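Structure file entry-v9.cif (mmCIF, C-alpha atoms) is printed below.
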data_entry
loop_
_atom_site.label_atom_id
_atom_site.label_comp_id
_atom_site.auth_asym_id
_atom_site.auth_seq_id
_atom_site.Cartn_x
_atom_site.Cartn_y
_atom_site.Cartn_z
CA MET A 1 60.89 12.68 4.75
CA SER A 2 60.48 14.45 1.42
CA GLU A 3 61.20 18.17 1.12
CA GLN A 4 58.21 20.50 1.06
CA LYS A 5 57.60 22.09 -2.36
CA GLN A 6 55.96 25.50 -2.52
CA GLN A 7 53.52 25.80 -5.41
CA GLY A 8 52.31 29.34 -4.82
CA THR A 9 50.71 31.60 -2.24
CA ALA A 10 47.27 32.30 -0.84
CA THR A 11 46.12 35.79 0.07
CA LEU A 12 44.15 36.30 3.25
CA THR A 13 42.54 39.62 4.03
CA VAL A 14 41.46 40.34 7.59
CA ASP A 15 40.64 43.70 9.16
CA GLY A 16 41.65 45.38 5.92
CA LYS A 17 45.13 43.85 5.97
CA SER A 18 46.26 41.30 3.40
CA VAL A 19 48.93 38.66 4.03
CA GLU A 20 50.53 36.20 1.67
CA LEU A 21 50.63 32.62 2.95
CA PRO A 22 52.76 29.91 1.29
CA VAL A 23 50.96 26.98 -0.35
CA TYR A 24 52.79 23.64 -0.32
CA ALA A 25 52.00 20.85 -2.76
CA ALA A 26 51.35 17.26 -1.73
CA SER A 27 52.69 14.40 -3.83
CA VAL A 28 49.05 13.28 -4.01
CA GLY A 29 45.98 14.74 -2.34
CA PRO A 30 45.13 18.22 -1.04
CA SER A 31 47.74 20.96 -0.86
CA VAL A 32 48.14 22.94 2.37
CA ILE A 33 48.20 26.61 3.25
CA ASP A 34 51.00 27.39 5.69
CA VAL A 35 49.49 29.50 8.50
CA ARG A 36 52.43 29.34 10.91
CA LYS A 37 53.02 33.11 10.63
CA LEU A 38 49.34 34.03 10.64
CA TYR A 39 49.21 35.14 14.28
CA ALA A 40 52.43 37.13 14.04
CA GLU A 41 51.22 39.00 10.95
CA THR A 42 47.49 39.38 11.70
CA GLY A 43 46.98 38.72 15.41
CA HIS A 44 44.48 35.99 14.53
CA PHE A 45 44.40 32.21 15.00
CA THR A 46 42.62 29.67 12.82
CA PHE A 47 39.63 27.90 14.39
CA ASP A 48 39.29 24.21 13.53
CA PRO A 49 37.70 22.02 16.25
CA GLY A 50 38.63 18.40 15.67
CA PHE A 51 41.37 19.50 13.23
CA THR A 52 39.20 18.48 10.28
CA SER A 53 40.90 20.96 7.94
CA THR A 54 44.32 21.19 9.57
CA ALA A 55 47.53 19.38 8.61
CA ALA A 56 49.53 19.11 11.82
CA CYS A 57 52.60 17.67 10.10
CA ASP A 58 53.99 16.53 6.78
CA SER A 59 54.44 12.78 6.40
CA ASP A 60 55.37 10.26 3.74
CA ILE A 61 54.09 7.14 5.53
CA THR A 62 50.36 6.73 4.86
CA TYR A 63 47.91 8.38 2.47
CA ILE A 64 44.12 8.15 2.53
CA ASP A 65 41.74 9.33 -0.18
CA GLY A 66 38.38 9.16 1.53
CA GLY A 67 36.44 9.95 -1.62
CA LYS A 68 37.99 7.10 -3.59
CA GLY A 69 38.12 4.71 -0.63
CA GLU A 70 41.91 4.43 -1.01
CA LEU A 71 44.53 3.64 1.64
CA LEU A 72 48.24 3.57 0.72
CA HIS A 73 51.21 2.64 2.88
CA ARG A 74 54.35 4.18 1.33
CA GLY A 75 52.39 4.13 -1.95
CA TYR A 76 51.27 0.49 -1.77
CA PRO A 77 47.46 -0.15 -1.72
CA ILE A 78 46.27 -1.80 1.48
CA ASP A 79 44.38 -4.55 -0.36
CA GLN A 80 47.58 -5.64 -2.13
CA LEU A 81 49.51 -5.67 1.13
CA ALA A 82 46.78 -7.65 2.90
CA GLU A 83 46.60 -10.20 0.08
CA LYS A 84 50.26 -10.60 -0.93
CA SER A 85 52.32 -9.47 2.05
CA HIS A 86 52.25 -10.18 5.79
CA PHE A 87 52.31 -8.09 8.94
CA LEU A 88 56.03 -7.99 9.72
CA GLU A 89 56.87 -7.12 6.12
CA VAL A 90 54.36 -4.26 6.36
CA CYS A 91 56.02 -3.25 9.64
CA TYR A 92 59.36 -3.02 7.83
CA LEU A 93 57.75 -0.99 5.04
CA LEU A 94 56.20 1.49 7.48
CA LEU A 95 59.38 1.86 9.54
CA TYR A 96 61.96 2.12 6.77
CA GLY A 97 60.08 3.33 3.70
CA GLU A 98 60.62 0.46 1.27
CA LEU A 99 59.74 -3.21 1.02
CA PRO A 100 62.65 -5.30 2.34
CA SER A 101 64.89 -7.65 0.43
CA LYS A 102 64.72 -11.29 1.48
CA ALA A 103 67.85 -10.88 3.63
CA GLN A 104 66.55 -7.66 5.22
CA LEU A 105 63.21 -9.28 6.04
CA THR A 106 64.91 -12.33 7.57
CA THR A 107 67.07 -10.12 9.78
CA PHE A 108 64.11 -7.95 10.80
CA GLU A 109 61.93 -10.95 11.67
CA LYS A 110 64.79 -12.43 13.70
CA ASN A 111 65.27 -9.17 15.64
CA VAL A 112 61.56 -8.98 16.46
CA THR A 113 61.37 -12.65 17.46
CA GLU A 114 64.32 -12.32 19.83
CA HIS A 115 62.65 -9.46 21.74
CA THR A 116 59.20 -10.98 22.36
CA MET A 117 59.82 -11.95 25.99
CA LEU A 118 58.99 -9.54 28.80
CA HIS A 119 61.22 -8.82 31.77
CA GLU A 120 60.30 -11.49 34.32
CA GLN A 121 59.63 -8.90 37.03
CA MET A 122 56.76 -7.59 34.91
CA THR A 123 54.72 -10.64 35.91
CA ASN A 124 54.48 -9.01 39.35
CA PHE A 125 53.19 -5.84 37.72
CA TYR A 126 50.25 -7.75 36.22
CA ARG A 127 49.35 -9.25 39.57
CA GLY A 128 48.82 -5.79 40.98
CA PHE A 129 45.65 -5.40 38.88
CA ARG A 130 42.23 -6.67 39.89
CA ARG A 131 41.17 -9.85 38.16
CA ASP A 132 38.29 -8.09 36.43
CA ALA A 133 40.46 -5.27 35.08
CA HIS A 134 39.81 -4.40 31.44
CA PRO A 135 42.70 -5.60 29.20
CA MET A 136 43.14 -2.05 27.89
CA ALA A 137 43.54 -0.73 31.44
CA ILE A 138 46.30 -3.28 31.93
CA MET A 139 47.95 -2.43 28.61
CA VAL A 140 48.02 1.30 29.34
CA GLY A 141 49.82 0.60 32.61
CA VAL A 142 52.19 -2.10 31.37
CA VAL A 143 53.25 -0.26 28.19
CA GLY A 144 53.97 2.87 30.21
CA ALA A 145 55.94 0.75 32.69
CA LEU A 146 58.28 -0.52 29.95
CA SER A 147 60.35 2.63 30.45
CA ALA A 148 61.00 1.47 34.02
CA PHE A 149 62.44 -1.84 32.79
CA TYR A 150 64.33 -0.86 29.64
CA HIS A 151 66.38 2.20 30.55
CA ASP A 152 68.85 1.53 27.76
CA SER A 153 66.40 2.59 25.04
CA THR A 154 64.75 5.78 26.33
CA ASP A 155 67.23 8.39 25.05
CA ILE A 156 65.42 9.81 22.03
CA THR A 157 68.54 11.69 20.86
CA ASP A 158 70.35 8.38 20.22
CA PRO A 159 69.32 6.79 16.88
CA MET A 160 70.38 3.35 18.07
CA GLN A 161 68.23 3.60 21.21
CA ARG A 162 65.29 4.75 19.12
CA GLU A 163 65.76 1.71 16.90
CA ILE A 164 66.00 -0.70 19.84
CA ALA A 165 62.90 0.81 21.47
CA SER A 166 60.99 0.45 18.20
CA ILE A 167 61.84 -3.24 17.79
CA ARG A 168 61.10 -3.91 21.45
CA MET A 169 57.63 -2.43 21.32
CA ILE A 170 56.64 -4.25 18.12
CA ALA A 171 57.96 -7.49 19.60
CA LYS A 172 56.56 -7.20 23.11
CA MET A 173 53.12 -5.79 22.43
CA PRO A 174 51.58 -9.20 21.51
CA THR A 175 52.99 -10.66 24.72
CA ILE A 176 51.62 -7.75 26.74
CA ALA A 177 48.17 -8.12 25.16
CA ALA A 178 48.11 -11.93 25.47
CA TRP A 179 49.12 -11.78 29.13
CA ALA A 180 46.41 -9.19 29.79
CA TYR A 181 43.93 -11.71 28.38
CA LYS A 182 45.37 -14.63 30.35
CA TYR A 183 45.26 -12.62 33.55
CA SER A 184 41.61 -11.68 32.98
CA VAL A 185 40.55 -15.33 32.61
CA GLY A 186 42.70 -16.63 35.47
CA GLN A 187 45.01 -18.77 33.35
CA PRO A 188 48.82 -18.96 33.62
CA PHE A 189 50.93 -16.77 31.38
CA VAL A 190 52.20 -18.51 28.24
CA TYR A 191 55.65 -17.48 27.08
CA PRO A 192 56.33 -16.61 23.43
CA ARG A 193 57.74 -19.22 21.09
CA ASN A 194 60.47 -18.39 18.61
CA ASP A 195 59.39 -21.14 16.18
CA LEU A 196 56.04 -19.46 15.45
CA ASP A 197 55.36 -16.47 13.25
CA TYR A 198 54.13 -13.19 14.71
CA ALA A 199 50.36 -13.79 14.43
CA ALA A 200 50.49 -17.49 15.33
CA ASN A 201 52.69 -16.74 18.33
CA PHE A 202 50.14 -14.24 19.62
CA MET A 203 47.27 -16.70 19.28
CA HIS A 204 49.33 -19.44 20.94
CA MET A 205 50.02 -17.18 23.92
CA CYS A 206 46.29 -16.42 24.16
CA PHE A 207 44.75 -19.86 23.79
CA SER A 208 47.29 -22.51 24.78
CA VAL A 209 47.60 -23.89 28.30
CA PRO A 210 50.51 -25.78 29.88
CA CYS A 211 48.52 -28.99 30.32
CA ALA A 212 47.59 -29.58 26.67
CA GLU A 213 49.04 -29.30 23.19
CA TYR A 214 47.65 -26.42 21.13
CA ASN A 215 48.24 -25.97 17.42
CA VAL A 216 47.25 -22.71 15.78
CA ASP A 217 45.08 -23.27 12.71
CA PRO A 218 46.73 -21.66 9.67
CA VAL A 219 43.41 -20.09 8.58
CA MET A 220 43.11 -18.43 11.98
CA ALA A 221 46.74 -17.31 11.91
CA GLN A 222 46.28 -15.78 8.46
CA ALA A 223 43.11 -14.03 9.57
CA MET A 224 44.90 -12.57 12.58
CA ASP A 225 47.79 -11.46 10.37
CA ARG A 226 45.32 -9.68 8.08
CA ILE A 227 43.65 -7.95 11.02
CA MET A 228 47.06 -6.72 12.16
CA THR A 229 48.00 -5.60 8.64
CA LEU A 230 44.71 -3.75 8.08
CA HIS A 231 45.13 -1.86 11.37
CA ALA A 232 48.87 -1.15 11.15
CA ASP A 233 48.57 2.57 10.38
CA HIS A 234 45.88 5.02 9.37
CA GLU A 235 47.46 8.44 8.92
CA GLN A 236 46.88 11.18 11.53
CA ASN A 237 44.01 9.66 13.48
CA ALA A 238 43.28 10.53 17.13
CA SER A 239 45.68 8.03 18.73
CA THR A 240 48.48 8.70 16.24
CA SER A 241 48.09 12.44 16.78
CA THR A 242 48.23 11.74 20.52
CA VAL A 243 51.50 9.85 20.11
CA ARG A 244 52.95 12.72 18.07
CA LEU A 245 51.77 15.32 20.58
CA ALA A 246 53.25 13.37 23.49
CA GLY A 247 56.46 12.87 21.54
CA SER A 248 56.72 16.57 20.77
CA SER A 249 57.58 17.14 24.44
CA ASP A 250 60.55 14.72 24.07
CA ALA A 251 58.81 12.10 26.22
CA ASN A 252 60.37 8.64 26.02
CA PRO A 253 58.96 6.32 23.34
CA PHE A 254 57.27 3.92 25.77
CA ALA A 255 55.35 6.81 27.37
CA CYS A 256 54.31 8.05 23.93
CA ILE A 257 52.94 4.66 22.87
CA ALA A 258 51.14 4.31 26.22
CA ALA A 259 49.45 7.64 25.44
CA GLY A 260 48.37 6.23 22.08
CA VAL A 261 46.95 3.12 23.77
CA ALA A 262 44.96 5.30 26.17
CA CYS A 263 43.49 7.35 23.32
CA LEU A 264 42.67 4.26 21.28
CA TRP A 265 40.65 2.91 24.20
CA GLY A 266 37.85 5.38 23.47
CA PRO A 267 34.72 3.78 21.97
CA ALA A 268 34.67 6.37 19.19
CA HIS A 269 38.11 5.18 18.07
CA GLY A 270 39.46 1.72 18.85
CA GLY A 271 36.34 0.45 20.58
CA ALA A 272 34.15 0.71 17.49
CA ASN A 273 34.39 -2.98 16.53
CA GLU A 274 33.31 -4.01 20.03
CA ALA A 275 30.35 -1.62 19.81
CA CYS A 276 29.49 -2.99 16.35
CA LEU A 277 29.38 -6.61 17.55
CA ASN A 278 27.22 -5.61 20.51
CA MET A 279 24.86 -3.90 18.07
CA LEU A 280 24.61 -7.02 15.87
CA ARG A 281 23.81 -9.07 18.96
CA GLU A 282 21.16 -6.57 19.97
CA ILE A 283 19.49 -6.83 16.55
CA GLY A 284 19.71 -10.61 16.84
CA THR A 285 17.96 -11.81 13.69
CA VAL A 286 17.40 -10.59 10.14
CA ASP A 287 13.66 -10.07 10.66
CA ARG A 288 14.37 -7.37 13.26
CA ILE A 289 16.58 -5.31 10.92
CA PRO A 290 13.77 -3.03 9.60
CA GLU A 291 12.99 -1.99 13.18
CA PHE A 292 16.56 -0.92 13.81
CA ILE A 293 16.94 0.72 10.39
CA ALA A 294 13.91 2.85 11.19
CA ARG A 295 15.42 3.77 14.54
CA ALA A 296 18.72 4.72 12.87
CA LYS A 297 16.87 7.06 10.52
CA ASP A 298 14.93 8.67 13.37
CA LYS A 299 16.93 11.72 14.46
CA ASP A 300 15.13 11.70 17.81
CA ASP A 301 16.16 8.10 18.57
CA PRO A 302 19.57 7.75 20.27
CA PHE A 303 20.23 4.43 18.49
CA ARG A 304 23.06 4.53 15.95
CA LEU A 305 24.21 1.85 13.53
CA MET A 306 27.81 1.05 14.46
CA GLY A 307 30.33 -0.03 11.82
CA PHE A 308 28.94 2.22 9.09
CA GLY A 309 30.54 5.38 7.78
CA HIS A 310 33.92 6.82 8.65
CA ARG A 311 35.39 10.18 9.58
CA VAL A 312 37.67 10.05 6.53
CA TYR A 313 36.20 7.54 4.07
CA LYS A 314 33.27 8.79 2.02
CA ASN A 315 33.29 5.60 -0.01
CA TYR A 316 33.65 1.90 0.81
CA ASP A 317 36.42 1.40 3.37
CA PRO A 318 39.06 -0.58 1.40
CA ARG A 319 39.95 -2.53 4.55
CA ALA A 320 36.34 -3.69 4.89
CA LYS A 321 36.47 -5.54 1.56
CA VAL A 322 39.42 -7.63 2.74
CA MET A 323 37.88 -8.14 6.16
CA GLU A 324 34.57 -9.32 4.67
CA GLN A 325 36.30 -12.21 2.87
CA THR A 326 38.32 -13.02 5.98
CA ALA A 327 35.11 -13.17 8.02
CA LYS A 328 33.62 -15.72 5.63
CA GLU A 329 36.77 -17.89 5.78
CA VAL A 330 36.90 -17.89 9.58
CA LEU A 331 33.19 -18.49 10.07
CA GLU A 332 33.29 -21.38 7.61
CA LEU A 333 36.19 -22.90 9.54
CA VAL A 334 34.46 -22.74 12.93
CA GLY A 335 31.18 -24.03 11.52
CA THR A 336 29.10 -20.91 11.97
CA GLU A 337 28.68 -19.91 8.33
CA ASP A 338 24.93 -19.77 9.06
CA SER A 339 25.47 -17.64 12.16
CA PRO A 340 22.61 -15.19 12.80
CA ILE A 341 25.23 -12.50 13.48
CA LEU A 342 26.76 -12.96 10.01
CA GLN A 343 23.32 -13.03 8.41
CA VAL A 344 22.44 -9.76 10.11
CA ALA A 345 25.79 -8.28 9.05
CA GLN A 346 25.35 -9.31 5.42
CA GLU A 347 21.80 -7.97 5.24
CA LEU A 348 22.84 -4.70 6.85
CA GLU A 349 25.67 -4.39 4.34
CA LYS A 350 23.24 -4.93 1.45
CA ILE A 351 20.90 -2.28 2.79
CA ALA A 352 23.74 0.20 3.35
CA LEU A 353 24.89 -0.17 -0.25
CA GLU A 354 21.39 0.20 -1.73
CA ASP A 355 19.27 2.31 0.63
CA GLU A 356 19.19 5.97 -0.46
CA TYR A 357 19.44 7.14 3.15
CA PHE A 358 22.80 5.39 3.61
CA VAL A 359 24.16 6.02 0.11
CA LYS A 360 23.39 9.74 0.28
CA ARG A 361 25.26 10.00 3.60
CA SER A 362 28.12 7.70 2.49
CA LEU A 363 27.40 5.31 5.36
CA TYR A 364 29.28 2.36 3.90
CA PRO A 365 30.46 -0.58 6.05
CA ASN A 366 33.89 0.05 7.55
CA VAL A 367 36.58 -2.32 8.82
CA ASP A 368 35.07 -2.43 12.32
CA PHE A 369 31.90 -3.90 10.85
CA TYR A 370 33.64 -7.20 10.07
CA SER A 371 36.64 -7.33 12.39
CA GLY A 372 34.44 -7.74 15.46
CA ILE A 373 32.74 -10.75 13.86
CA VAL A 374 36.09 -12.34 13.03
CA LEU A 375 37.57 -11.83 16.50
CA ASN A 376 34.42 -13.17 18.12
CA ALA A 377 34.58 -16.30 15.95
CA MET A 378 38.22 -16.77 16.93
CA GLY A 379 37.16 -16.97 20.57
CA PHE A 380 38.22 -13.54 21.82
CA PRO A 381 35.93 -11.73 24.27
CA THR A 382 34.85 -8.25 23.22
CA SER A 383 37.09 -6.74 25.90
CA MET A 384 40.12 -7.92 23.88
CA PHE A 385 39.11 -6.33 20.60
CA THR A 386 40.67 -2.94 21.29
CA ALA A 387 43.76 -4.55 22.81
CA ILE A 388 44.34 -6.41 19.53
CA PHE A 389 43.80 -3.13 17.69
CA ALA A 390 46.47 -1.54 19.91
CA LEU A 391 49.09 -4.21 19.27
CA SER A 392 48.39 -3.91 15.52
CA ARG A 393 48.60 -0.11 15.47
CA THR A 394 51.83 0.00 17.52
CA VAL A 395 54.00 -0.13 14.41
CA GLY A 396 52.13 2.82 12.90
CA TRP A 397 52.55 4.82 16.08
CA ILE A 398 56.27 4.03 16.15
CA ALA A 399 56.78 4.89 12.49
CA GLN A 400 54.99 8.21 12.95
CA TRP A 401 56.93 8.91 16.18
CA LYS A 402 60.28 8.21 14.50
CA GLU A 403 59.34 10.43 11.57
CA MET A 404 58.37 13.22 13.97
CA ILE A 405 61.66 12.95 15.89
CA GLY A 406 63.57 13.36 12.64
CA ASP A 407 61.52 16.34 11.41
CA PRO A 408 63.60 19.56 11.55
CA ASP A 409 60.38 21.61 11.71
CA GLN A 410 59.10 19.74 14.76
CA ARG A 411 58.14 21.87 17.77
CA ILE A 412 56.33 21.01 20.97
CA GLY A 413 52.60 20.85 20.31
CA ARG A 414 50.74 23.88 21.60
CA PRO A 415 47.24 24.35 20.13
CA ARG A 416 45.61 27.72 20.68
CA GLN A 417 41.99 28.55 21.45
CA LEU A 418 39.06 30.85 20.85
CA TYR A 419 38.56 32.23 24.36
CA THR A 420 34.91 32.92 25.22
CA GLY A 421 35.14 33.28 29.01
CA ALA A 422 34.92 36.28 31.33
CA THR A 423 37.05 39.33 30.64
CA ALA A 424 39.51 40.67 33.23
CA ARG A 425 37.90 41.43 36.61
CA ASP A 426 39.02 42.18 40.14
CA TYR A 427 39.01 39.66 42.96
CA VAL A 428 36.18 40.17 45.50
CA PRO A 429 36.81 39.12 49.13
CA VAL A 430 34.61 36.28 50.30
CA ASP A 431 32.72 38.45 52.82
CA ASP A 432 31.74 40.89 50.08
CA ARG A 433 30.30 38.36 47.60
#
Rewrite the coordinates I just gave you, this time as structure tokens.
Amino acid sequence: MSEQKQQGTATLTVDGKSVELPVYAASVGPSVIDVRKLYAETGHFTFDPGFTSTAACDSDITYIDGGKGELLHRGYPIDQLAEKSHFLEVCYLLLYGELPSKAQLTTFEKNVTEHTMLHEQMTNFYRGFRRDAHPMAIMVGVVGALSAFYHDSTDITDPMQREIASIRMIAKMPTIAAWAYKYSVGQPFVYPRNDLDYAANFMHMCFSVPCAEYNVDPVMAQAMDRIMTLHADHEQNASTSTVRLAGSSDANPFACIAAGVACLWGPAHGGANEACLNMLREIGTVDRIPEFIARAKDKDDPFRLMGFGHRVYKNYDPRAKVMEQTAKEVLELVGTEDSPILQVAQELEKIALEDEYFVKRSLYPNVDFYSGIVLNAMGFPTSMFTAIFALSRTVGWIAQWKEMIGDPDQRIGRPRQLYTGATARDYVPVDDR
């Protein structure tokens, strides 16, 4: 982690008293005003619901410029990584700060591959869930349960145990997600194969069965790898912040990642691509688009266009451009290039880029707009979309968690509040009320 560089001070005057607050420069992007001593010097807190103007940490992992539509991992643009790299190389970059040499990448890939199996007793854990359990419900439980099976990598003060836990989670998350899917459809678990790459291995565990040969199509494997790469990390989003907050209490890494999975499950976060696909199905055909556009513009109508706009991006989501091309490749492969869903998606995209209502509000298509279409074409049910998001984001959570553990300024998270409740009052006995 780079050292903070002070570039000046900001003066805040409150109740006639002025205080000088340090201003720290970012390597790129907005500077920050350090308010850590604000309460001690003024007796006031800052008020920022949703933390839209608050930097909760300093980090050198991922940078987003929402105005430019830019996403950088350790300085590398996401479109270059998605086009020229692959998921495990991006994992190495996020974890260790630099792109690996050929030897480093080979060793890293070998370490991940050798940890993909789950403890055999965990099969019993799966069977404790109802058959109709949502895959994310299973993942929250199973990921949290990893700490009960791998005691030798829960001591966060030991760098080697932190490293082992990191590799284990990256390696085992596809197996956990694939088994959640298999369990939900009543098929036997398929064990990981060391001769397949990360994305192909995941798809093999999802779609192969013991009674027939199954070969993963390279186009599908590449599409899955891109989905994983595009979702690997995204700065201090809700689930990442949850992982950091859980980790600030010195919770073990498996518990922290389980907390991130639980947060990601929310439809406003990881469930957006599922909601987007459901919306496209609801619209159905291109001729019905004007009806739904009118509803989206009507402030009194509860209908909202999913997959457009982003909390951070105020321009075209750079991940969406890559995902759009991937969607065309996959749909062409499966023979649904004339799919009504894709036609609706393409027409909606055109409208969003040209209609003044959308342009003025920066409601550009985001990555969820296309990823749901791709996963549906691959054969995944919508209930698996967020689970795939979770296995992809695991490396980002781990990288952020490891960075937090090594931060000398790290303290247990303890947000404050603007209290608006009753003032102090005396207890009244029940007979006197």
Would you pick out the contacts of stretch 401-418 of chain A at 7 Å or less, using all atoms listed in the file, so that residues sharing its chain but fewer than 4 positions from it are not included, and give the list as JSON, numbers by chain?
{"A": [243, 244, 245, 247, 248, 249, 397]}
Would you kindly return, as JSON, numbers by chain, each protein, DNA or RNA residue with an atom no farther than 12 Å from any atom of stretch 325-341 of chain A, considering all atoms listed in the file and excluding same-chain residues fewer than 2 positions away?
{"A": [79, 82, 83, 217, 218, 219, 220, 221, 222, 223, 224, 225, 226, 227, 230, 276, 277, 278, 279, 280, 281, 282, 283, 284, 285, 286, 287, 288, 289, 319, 320, 321, 322, 323, 343, 344, 345, 346, 347, 348, 367, 368, 369, 370, 371, 372, 373, 374, 375, 376, 377, 378, 379]}
In Å to one decimal, how far is atom CA of A:Asn237 from atom CA of A:Gln104?
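Atom CA of A:Gln104 sits 29.6 Å away from atom CA of A:Asn237.
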Report, in Å with one decimal, the straight-line distance from atom CA of A:Tyr150 to atom CA of A:Tyr183.
22.7 Å
Mind telling me what the PyMOL selection byres ((chain A and resi 87) around 9) catches here, as a ChimeraX atom specification?
/A:81-82,85-86,88-92,198-199,225-230,232,392
Would you mind completing stretch 350-362 of chain A so that it carries N, CA and C atoms, and writing it out as a PDB file, in the coordinates of the input?
ATOM      1  N   LYS A 350      24.035  -5.064   2.678  1.00  0.00           N
ATOM      2  CA  LYS A 350      23.240  -4.930   1.450  1.00  0.00           C
ATOM      3  C   LYS A 350      22.380  -3.671   1.494  1.00  0.00           C
ATOM      4  N   ILE A 351      21.754  -3.458   2.642  1.00  0.00           N
ATOM      5  CA  ILE A 351      20.900  -2.280   2.790  1.00  0.00           C
ATOM      6  C   ILE A 351      21.724  -1.000   2.690  1.00  0.00           C
ATOM      7  N   ALA A 352      22.896  -0.999   3.347  1.00  0.00           N
ATOM      8  CA  ALA A 352      23.740   0.200   3.350  1.00  0.00           C
ATOM      9  C   ALA A 352      24.212   0.567   1.955  1.00  0.00           C
ATOM     10  N   LEU A 353      24.396  -0.433   1.102  1.00  0.00           N
ATOM     11  CA  LEU A 353      24.890  -0.170  -0.250  1.00  0.00           C
ATOM     12  C   LEU A 353      23.776   0.184  -1.222  1.00  0.00           C
ATOM     13  N   GLU A 354      22.507  -0.042  -0.821  1.00  0.00           N
ATOM     14  CA  GLU A 354      21.390   0.200  -1.730  1.00  0.00           C
ATOM     15  C   GLU A 354      20.417   1.263  -1.238  1.00  0.00           C
ATOM     16  N   ASP A 355      20.241   1.371   0.056  1.00  0.00           N
ATOM     17  CA  ASP A 355      19.270   2.310   0.630  1.00  0.00           C
ATOM     18  C   ASP A 355      19.732   3.743   0.408  1.00  0.00           C
ATOM     19  N   GLU A 356      18.843   4.584  -0.135  1.00  0.00           N
ATOM     20  CA  GLU A 356      19.190   5.970  -0.460  1.00  0.00           C
ATOM     21  C   GLU A 356      19.669   6.734   0.766  1.00  0.00           C
ATOM     22  N   TYR A 357      19.066   6.443   1.926  1.00  0.00           N
ATOM     23  CA  TYR A 357      19.440   7.140   3.150  1.00  0.00           C
ATOM     24  C   TYR A 357      20.921   6.944   3.453  1.00  0.00           C
ATOM     25  N   PHE A 358      21.394   5.698   3.312  1.00  0.00           N
ATOM     26  CA  PHE A 358      22.800   5.390   3.610  1.00  0.00           C
ATOM     27  C   PHE A 358      23.724   5.853   2.492  1.00  0.00           C
ATOM     28  N   VAL A 359      23.311   5.642   1.247  1.00  0.00           N
ATOM     29  CA  VAL A 359      24.160   6.020   0.110  1.00  0.00           C
ATOM     30  C   VAL A 359      24.371   7.531   0.079  1.00  0.00           C
ATOM     31  N   LYS A 360      23.303   8.287   0.311  1.00  0.00           N
ATOM     32  CA  LYS A 360      23.390   9.740   0.280  1.00  0.00           C
ATOM     33  C   LYS A 360      24.341  10.268   1.346  1.00  0.00           C
ATOM     34  N   ARG A 361      24.409   9.575   2.489  1.00  0.00           N
ATOM     35  CA  ARG A 361      25.260  10.000   3.600  1.00  0.00           C
ATOM     36  C   ARG A 361      26.595   9.262   3.633  1.00  0.00           C
ATOM     37  N   SER A 362      26.861   8.465   2.596  1.00  0.00           N
ATOM     38  CA  SER A 362      28.120   7.700   2.490  1.00  0.00           C
ATOM     39  C   SER A 362      28.354   6.817   3.713  1.00  0.00           C
TER      40      SER A 362
END
